[in-house]
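Peer 1: For reference, this is data03.txt, and it has compact mmCIF, C-alpha atoms.
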# COMPACT_ATOMS: atom_id res chain seq x y z
CA MET A 74 -49.89 30.24 -17.33
CA LYS A 75 -50.40 32.44 -14.30
CA ASN A 76 -48.26 35.48 -13.75
CA LEU A 77 -48.08 34.78 -10.04
CA ILE A 78 -47.58 31.58 -8.10
CA ASP A 79 -48.81 31.00 -4.55
CA GLN A 80 -46.69 29.58 -1.76
CA SER A 81 -47.78 25.96 -2.26
CA ASP A 82 -47.05 26.14 -5.99
CA ARG A 83 -43.69 27.75 -5.28
CA ASN A 84 -42.75 24.99 -2.84
CA LEU A 85 -43.78 22.39 -5.40
CA ILE A 86 -41.56 23.97 -8.04
CA LEU A 87 -38.72 24.36 -5.53
CA GLY A 88 -38.97 20.64 -4.75
CA LEU A 89 -38.99 19.75 -8.44
CA THR A 90 -35.97 22.00 -8.94
CA GLY A 91 -34.18 20.20 -6.12
CA VAL A 92 -34.91 16.79 -7.63
CA LEU A 93 -33.67 17.95 -11.03
CA TYR A 94 -30.53 19.37 -9.43
CA LEU A 95 -29.96 16.03 -7.71
CA ALA A 96 -30.30 14.30 -11.08
CA VAL A 97 -27.73 16.67 -12.58
CA ILE A 98 -25.28 15.98 -9.76
CA VAL A 99 -25.73 12.19 -9.78
CA CYS A 100 -25.60 11.85 -13.58
CA GLY A 101 -22.68 14.25 -13.87
CA LEU A 102 -20.64 12.49 -11.18
CA PHE A 103 -21.36 9.08 -12.67
CA SER A 104 -20.30 10.16 -16.15
CA GLU A 105 -17.17 11.94 -14.95
CA MET A 106 -15.94 9.64 -12.18
CA GLY A 107 -17.66 6.34 -12.89
CA VAL A 108 -17.06 6.33 -16.64
CA ARG A 109 -14.44 8.77 -17.94
CA GLY A 110 -12.41 8.56 -14.73
CA VAL A 111 -12.28 4.78 -15.12
CA LEU A 112 -11.79 4.47 -18.88
CA PHE A 113 -9.63 7.48 -19.73
CA LEU A 114 -5.97 7.53 -18.71
CA PRO A 115 -4.46 10.75 -20.14
CA GLU A 116 -0.92 9.50 -19.58
CA ASP A 117 -1.52 6.17 -21.36
CA ILE A 118 -3.56 6.36 -24.58
CA GLN A 119 -2.92 2.71 -25.46
CA GLN A 120 -4.42 1.54 -22.17
CA THR A 121 -7.27 4.02 -22.65
CA MET A 122 -8.03 2.45 -26.03
CA GLU A 123 -7.99 -1.03 -24.51
CA ASN A 124 -10.30 0.14 -21.72
CA ILE A 125 -12.78 1.58 -24.20
CA LYS A 126 -12.64 -1.44 -26.52
CA GLY A 127 -13.41 -3.75 -23.63
CA ASN A 128 -16.09 -1.49 -22.11
CA GLN A 129 -17.86 0.23 -24.99
CA SER A 130 -21.21 -0.28 -23.27
CA LEU A 131 -19.90 1.64 -20.24
CA LEU A 132 -18.80 4.51 -22.47
CA ARG A 133 -22.24 4.62 -24.10
CA LEU A 134 -23.88 4.47 -20.68
CA GLY A 135 -21.81 7.49 -19.67
CA VAL A 136 -22.99 9.38 -22.75
CA ALA A 137 -26.60 8.45 -21.95
CA SER A 138 -26.10 9.64 -18.37
CA ASP A 139 -24.73 12.95 -19.65
CA MET A 140 -27.79 13.32 -21.89
CA LEU A 141 -30.05 12.77 -18.88
CA MET A 142 -28.06 15.51 -17.15
CA VAL A 143 -28.67 17.78 -20.14
CA LEU A 144 -32.43 17.10 -20.02
CA ALA A 145 -32.47 17.80 -16.29
CA ASP A 146 -30.60 21.07 -16.91
CA ILE A 147 -33.24 22.10 -19.43
CA GLY A 148 -35.85 21.43 -16.74
CA LEU A 149 -33.84 23.55 -14.29
CA ALA A 150 -33.76 26.45 -16.74
CA TRP A 151 -37.56 26.33 -16.90
CA CYS A 152 -38.01 25.97 -13.12
CA PHE A 153 -35.73 28.87 -12.23
CA PHE A 154 -37.45 30.99 -14.86
CA ILE A 155 -40.87 30.28 -13.32
CA LEU A 156 -39.58 30.98 -9.81
CA PHE A 157 -37.97 34.35 -10.54
CA ARG A 158 -39.92 35.78 -13.48
CA LYS A 159 -42.23 37.79 -11.19
CA ASN A 160 -39.37 39.67 -9.52
CA PHE A 161 -37.01 39.73 -12.50
CA PRO A 162 -38.96 39.46 -15.79
CA LYS A 163 -35.89 40.21 -17.95
CA LEU A 164 -33.05 38.66 -15.97
CA SER A 165 -34.97 35.40 -15.57
CA TYR A 166 -35.05 35.07 -19.37
CA LEU A 167 -31.32 35.75 -19.54
CA ALA A 168 -30.47 33.17 -16.86
CA ALA A 169 -32.65 30.54 -18.57
CA PHE A 170 -31.17 31.29 -21.99
CA LEU A 171 -27.58 30.99 -20.73
CA ARG A 172 -28.35 27.69 -19.02
CA LEU A 173 -29.94 26.36 -22.21
CA VAL A 174 -26.83 27.37 -24.17
CA GLN A 175 -24.73 25.41 -21.69
CA ALA A 176 -27.00 22.36 -22.03
CA ALA A 177 -26.83 22.57 -25.83
CA LEU A 178 -23.02 22.75 -25.80
CA ILE A 179 -22.73 19.72 -23.52
CA GLY A 180 -25.21 17.72 -25.62
CA ILE A 181 -23.53 18.51 -28.94
CA ASN A 182 -20.09 17.91 -27.41
CA LEU A 183 -21.01 14.28 -26.63
CA ILE A 184 -20.62 13.41 -30.32
CA HIS A 185 -16.85 13.34 -29.70
CA LEU A 186 -17.24 10.43 -27.31
CA LEU A 187 -19.64 8.53 -29.57
CA GLN A 188 -17.14 8.83 -32.42
CA ILE A 189 -14.62 6.69 -30.51
CA PRO A 190 -16.49 3.34 -30.75
CA ALA A 191 -17.42 4.27 -34.33
CA LEU A 192 -13.70 4.72 -35.01
CA PHE A 193 -12.97 1.25 -33.66
CA GLN A 194 -15.76 -0.19 -35.81
CA PHE A 195 -14.43 1.30 -39.05
CA PHE A 196 -10.77 0.66 -38.21
CA SER A 197 -10.97 -2.72 -36.47
CA ASN A 198 -7.65 -3.74 -38.05
CA PRO A 199 -5.91 -0.43 -38.69
CA THR A 200 -2.90 -0.31 -40.96
CA GLU A 201 -1.80 2.82 -39.07
CA PRO A 202 -2.48 2.15 -35.36
CA LEU A 203 -0.61 5.30 -34.37
CA TRP A 204 -3.07 7.40 -36.39
CA VAL A 205 -6.01 5.74 -34.61
CA ALA A 206 -4.42 6.39 -31.22
CA GLN A 207 -3.85 10.03 -32.11
CA LYS A 208 -7.45 10.33 -33.31
CA VAL A 209 -8.78 8.88 -30.05
CA SER A 210 -6.60 11.32 -28.07
CA TYR A 211 -7.92 14.17 -30.19
CA LEU A 212 -11.56 13.17 -29.59
CA ILE A 213 -11.06 12.86 -25.83
CA GLU A 214 -9.31 16.23 -25.63
CA SER A 215 -11.98 17.84 -27.85
CA HIS A 216 -14.67 16.60 -25.46
CA ARG A 217 -12.76 17.97 -22.46
CA LEU A 218 -12.36 21.38 -24.08
CA GLY A 219 -16.00 21.44 -25.18
CA TYR A 220 -17.05 20.72 -21.62
CA LEU A 221 -14.88 23.60 -20.41
CA LEU A 222 -16.44 25.95 -22.97
CA SER A 223 -19.91 25.07 -21.67
CA GLY A 224 -18.76 26.38 -18.30
CA ILE A 225 -18.72 29.94 -19.66
CA PRO A 226 -22.48 30.34 -20.29
CA PHE A 227 -23.14 28.23 -17.18
CA GLY A 228 -20.96 30.51 -15.05
CA MET A 229 -22.71 33.58 -16.42
CA SER A 230 -26.08 31.96 -15.71
CA CYS A 231 -25.01 31.31 -12.11
CA VAL A 232 -23.94 34.94 -11.69
CA VAL A 233 -27.35 36.16 -12.87
CA LEU A 234 -29.19 33.50 -10.86
CA GLY A 235 -27.23 34.29 -7.70
CA TYR A 236 -28.10 37.96 -8.07
CA MET A 237 -31.80 37.13 -8.43
CA MET A 238 -31.69 34.82 -5.41
CA TYR A 239 -30.05 37.50 -3.30
CA ARG A 240 -32.41 40.30 -4.34
CA SER A 241 -35.66 38.30 -4.50
CA GLY A 242 -36.57 38.77 -0.84
CA TRP A 243 -37.82 35.20 -0.41
CA PHE A 244 -34.86 33.01 -1.37
CA SER A 245 -31.83 32.35 0.86
CA ARG A 246 -29.53 35.35 0.51
CA ILE A 247 -26.55 33.30 1.69
CA LEU A 248 -27.10 30.78 -1.10
CA GLY A 249 -27.56 33.67 -3.50
CA VAL A 250 -24.09 34.95 -2.63
CA MET A 251 -22.64 31.44 -2.87
CA VAL A 252 -24.16 30.84 -6.32
CA PHE A 253 -22.93 34.26 -7.47
CA ILE A 254 -19.37 33.44 -6.36
CA ALA A 255 -19.59 29.94 -7.83
CA GLY A 256 -20.51 31.46 -11.17
CA PHE A 257 -17.28 33.46 -11.20
CA ALA A 258 -15.36 30.33 -10.17
CA TYR A 259 -16.69 28.50 -13.24
CA LEU A 260 -15.81 31.46 -15.46
CA ILE A 261 -12.29 31.70 -14.03
CA ASP A 262 -11.74 27.95 -14.46
CA SER A 263 -12.97 27.93 -18.06
CA PHE A 264 -10.97 30.95 -19.16
CA THR A 265 -7.87 29.76 -17.28
CA ASN A 266 -7.98 26.43 -19.11
CA ILE A 267 -8.34 28.26 -22.42
CA LEU A 268 -5.88 31.12 -21.93
CA LEU A 269 -3.47 29.89 -19.25
CA PRO A 270 -3.66 26.07 -19.19
CA GLN A 271 -0.50 25.85 -17.09
CA TYR A 272 -2.58 27.19 -14.16
CA ALA A 273 -5.53 24.85 -14.74
CA SER A 274 -4.84 22.81 -11.59
CA GLN A 275 -5.17 25.95 -9.43
CA SER A 276 -8.45 27.00 -11.03
CA GLU A 277 -9.83 23.48 -10.55
CA ILE A 278 -9.14 23.81 -6.82
CA LEU A 279 -11.11 27.07 -6.85
CA VAL A 280 -14.09 25.28 -8.42
CA LEU A 281 -13.89 22.45 -5.89
CA ALA A 282 -13.68 24.91 -3.00
CA THR A 283 -16.67 27.00 -4.09
CA ALA A 284 -18.87 25.63 -6.85
CA VAL A 285 -19.13 22.00 -5.74
CA ILE A 286 -20.06 22.91 -2.15
CA THR A 287 -22.49 25.53 -3.41
CA GLU A 288 -24.35 23.20 -5.77
CA LEU A 289 -24.68 20.48 -3.13
CA SER A 290 -25.97 23.05 -0.61
CA LEU A 291 -28.39 24.48 -3.16
CA CYS A 292 -29.72 21.02 -4.02
CA ILE A 293 -30.36 20.19 -0.34
CA TYR A 294 -31.97 23.60 0.29
CA LEU A 295 -34.34 23.22 -2.67
CA ILE A 296 -35.46 19.74 -1.66
CA ILE A 297 -36.07 20.80 1.95
CA LYS A 298 -38.03 23.87 0.82
CA GLY A 299 -40.08 21.65 -1.48
CA LEU A 300 -41.01 19.38 1.42
CA ASN A 301 -42.05 22.36 3.53
CA LYS A 302 -45.86 22.62 3.59
CA ASN A 303 -45.92 26.17 4.96
Would you mind writing the structure in this file as structure tokens?

Peer 2:
Amino acid sequence: MKNLIDQSDRNLILGLTGVLYLAVIVCGLFSEMGVRGVLFLPEDIQQTMENIKGNQSLLRLGVASDMLMVLADIGLAWCFFILFRKNFPKLSYLAAFLRLVQAALIGINLIHLLQIPALFQFFSNPTEPLWVAQKVSYLIESHRLGYLLSGIPFGMSCVVLGYMMYRSGWFSRILGVMVFIAGFAYLIDSFTNILLPQYASQSEILVLATAVITELSLCIYLIIKGLNKN
């Protein structure tokens, strides 16, 4: 593997990074809004159970979509490492490692969702339906908390990545600042949900106002740069 990459190779990797980022966004939105947002009703666990029982294939499809997101995130860790290793040989390793930790946490955390249809299979006619409902609630909440925990290494990775983007001399400095700020937004949201859950709604607004816009902008920028022949 070469230590340096020329402009055409860099653009190719930038384009690949953009495509992988698009896959992360599409798969993540589908799993969150198209699956969990449809099936899970936090205020009504009985209806949630009925939704899942009648749409187990949709739940499994959501898990598969999340796994595709995890695989794309692993690819992103590699792409960003290749792009920035020349300028930041140590920090690029750190950013890649933190992103891989995030991907691993999300992947392992999916077992909570797969346990729900398994629970229905083993307790198709439960003698204690309340216990089953409580178990389903526990699994859903465990998945939510696991997802929040993955935001900590991801936020740290974004902070490091944003710094490298800003200081590289060839990447958009504006996007570098945005990614840096978005990283702190993820960290604030994760720690707020863990330490001060009563303020979780405010921290979620912070993420929506910074991180979501940043990741969409970054995705578009990477794809455009990849299409650039110069």

Peer 1: What does the structure give for the distance between CA of Val97 (chain A) and CA of Ser210 (chain A), in Å to one decimal?

Peer 2: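 These two atoms are separated by 26.7 Å.
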
Peer 1: Select, from A:Ala168, A:Pro226, A:Lys159, A:Cys152, the residue with the minimum atom-to-atom distance to Asn84 (chain A), counting all atoms listed in the file.

Peer 2: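 Of A:Ala168, A:Pro226, A:Lys159, A:Cys152, the one nearest Asn84 (chain A) is A:Cys152, counting all atoms listed in the file.
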
Peer 1: Using 6 Å of padding on each side, determine the axis-aligned box around all atoms of region 232-249 of chain A present in the file and give its centre and edge lengths in Å to one decimal, as JSON.

Peer 2:
{"center_x": -30.9, "center_y": 35.5, "center_z": -5.6, "size_x": 25.9, "size_y": 21.5, "size_z": 26.6}

Peer 1: Please tabulate, as a Markdown table, the residues of region 154-256 of chain A that come within 12 Å of region 140-149 of chain A, each with its closest pair of atoms and the distance in Å to one decimal, counting only C-alpha atoms and ordering rows by chain, then residue number upward.

Peer 2:
| residue | atom | partner | partner_atom | distance |
| --- | --- | --- | --- | --- |
| A:Phe154 | CA | A:Leu149 | CA | 8.3 |
| A:Ile155 | CA | A:Leu149 | CA | 9.8 |
| A:Leu156 | CA | A:Leu149 | CA | 10.4 |
| A:Ser165 | CA | A:Leu149 | CA | 12.0 |
| A:Ala168 | CA | A:Leu149 | CA | 10.5 |
| A:Ala169 | CA | A:Leu149 | CA | 8.3 |
| A:Phe170 | CA | A:Ile147 | CA | 9.8 |
| A:Leu171 | CA | A:Ile147 | CA | 10.6 |
| A:Arg172 | CA | A:Asp146 | CA | 7.3 |
| A:Leu173 | CA | A:Ile147 | CA | 6.1 |
| A:Val174 | CA | A:Ile147 | CA | 9.6 |
| A:Gln175 | CA | A:Asp146 | CA | 8.7 |
| A:Ala176 | CA | A:Val143 | CA | 5.2 |
| A:Ala177 | CA | A:Val143 | CA | 7.7 |
| A:Leu178 | CA | A:Val143 | CA | 9.4 |
| A:Ile179 | CA | A:Val143 | CA | 7.1 |
| A:Gly180 | CA | A:Met140 | CA | 6.3 |
| A:Ile181 | CA | A:Met140 | CA | 9.7 |
| A:Asn182 | CA | A:Met140 | CA | 10.5 |
| A:Leu183 | CA | A:Met140 | CA | 8.3 |
| A:Ile184 | CA | A:Met140 | CA | 11.1 |
| A:Ser223 | CA | A:Val143 | CA | 11.5 |
| A:Phe227 | CA | A:Asp146 | CA | 10.3 |
| A:Ser230 | CA | A:Leu149 | CA | 11.5 |
| A:Cys231 | CA | A:Leu149 | CA | 12.0 |
| A:Leu234 | CA | A:Leu149 | CA | 11.5 |

Peer 1: With all atoms listed in the file as the atoms that count, which of A:Glu201, A:Gly101, A:Ala137, A:Leu132 lies nearest to Tyr220 (chain A)?

Peer 2: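 Among the listed residues, the smallest separation from Tyr220 (chain A) belongs to A:Gly101.
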
Peer 1: Can you build me a table of region 168-208 of chain A residues sitting at most 12 Å from region 106-130 of chain A, with the closest atom pair per residue and its distance in Å to one decimal, using all atoms listed in the file, sorted by chain and residue number, as a tab-separated table?

Peer 2:
residue	atom	partner	partner_atom	distance
A:Leu186	CA	A:Arg109	CA	9.9
A:Leu187	CA	A:Gln129	CA	9.6
A:Gln188	CA	A:Gln129	CA	11.4
A:Ile189	CA	A:Ile125	CA	8.3
A:Pro190	CA	A:Gln129	CA	6.7
A:Ala191	CA	A:Gln129	CA	10.2
A:Leu192	CA	A:Lys126	CA	10.5
A:Phe193	CA	A:Lys126	CA	7.6
A:Gln194	CA	A:Lys126	CA	9.9
A:Ser197	CA	A:Lys126	CA	10.2
A:Pro202	CA	A:Gln119	CA	9.9
A:Leu203	CA	A:Gln119	CA	9.6
A:Trp204	CA	A:Ile118	CA	11.9
A:Val205	CA	A:Met122	CA	9.4
A:Ala206	CA	A:Ile118	CA	6.7
A:Gln207	CA	A:Ile118	CA	8.4
A:Lys208	CA	A:Ile118	CA	10.3

Peer 1: Nearest to Tyr166 (chain A) among A:Leu131, A:Ile213, A:Ala150, A:Leu93, with distances taken over only C-alpha atoms: which residue is it?

Peer 2: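 Distance minimum relative to Tyr166 (chain A) lands on A:Ala150.
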
Peer 1: If you measure from CA of Leu222 (chain A) to CA of Ser263 (chain A), what distance in Å do you get, rounded to one decimal?

Peer 2: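 CA of Ser263 (chain A) lies at a distance of 6.3 Å from CA of Leu222 (chain A).
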
Peer 1: Please identify all polymer residues within 6 Å of Gly228 (chain A), counting all atoms listed in the file, omitting same-chain residues fewer than 6 positions from it, and present them as a PyMOL selection string.

Peer 2: chain A and resi 256+259-260

Peer 1: Could you please give me, as a count of residues only, the residues of protein, DNA or RNA lying at most 12 Å from (-25.0, 21.6, -5.8) in the coordinate frame of the file, considering all atoms listed in the file?

Peer 2: 33

Peer 1: Tell me, in Å to one decimal, how far CA of Ser104 (chain A) is from CA of Pro270 (chain A).

Peer 2: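 Atom-to-atom, CA of Ser104 (chain A) and CA of Pro270 (chain A) are spaced 23.2 Å apart.
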
Peer 1: Smallest atom-to-atom distance to Leu218 (chain A): which of A:Leu134, A:Leu167, A:Leu300, A:Ile267, using all atoms listed in the file?

Peer 2: A:Ile267
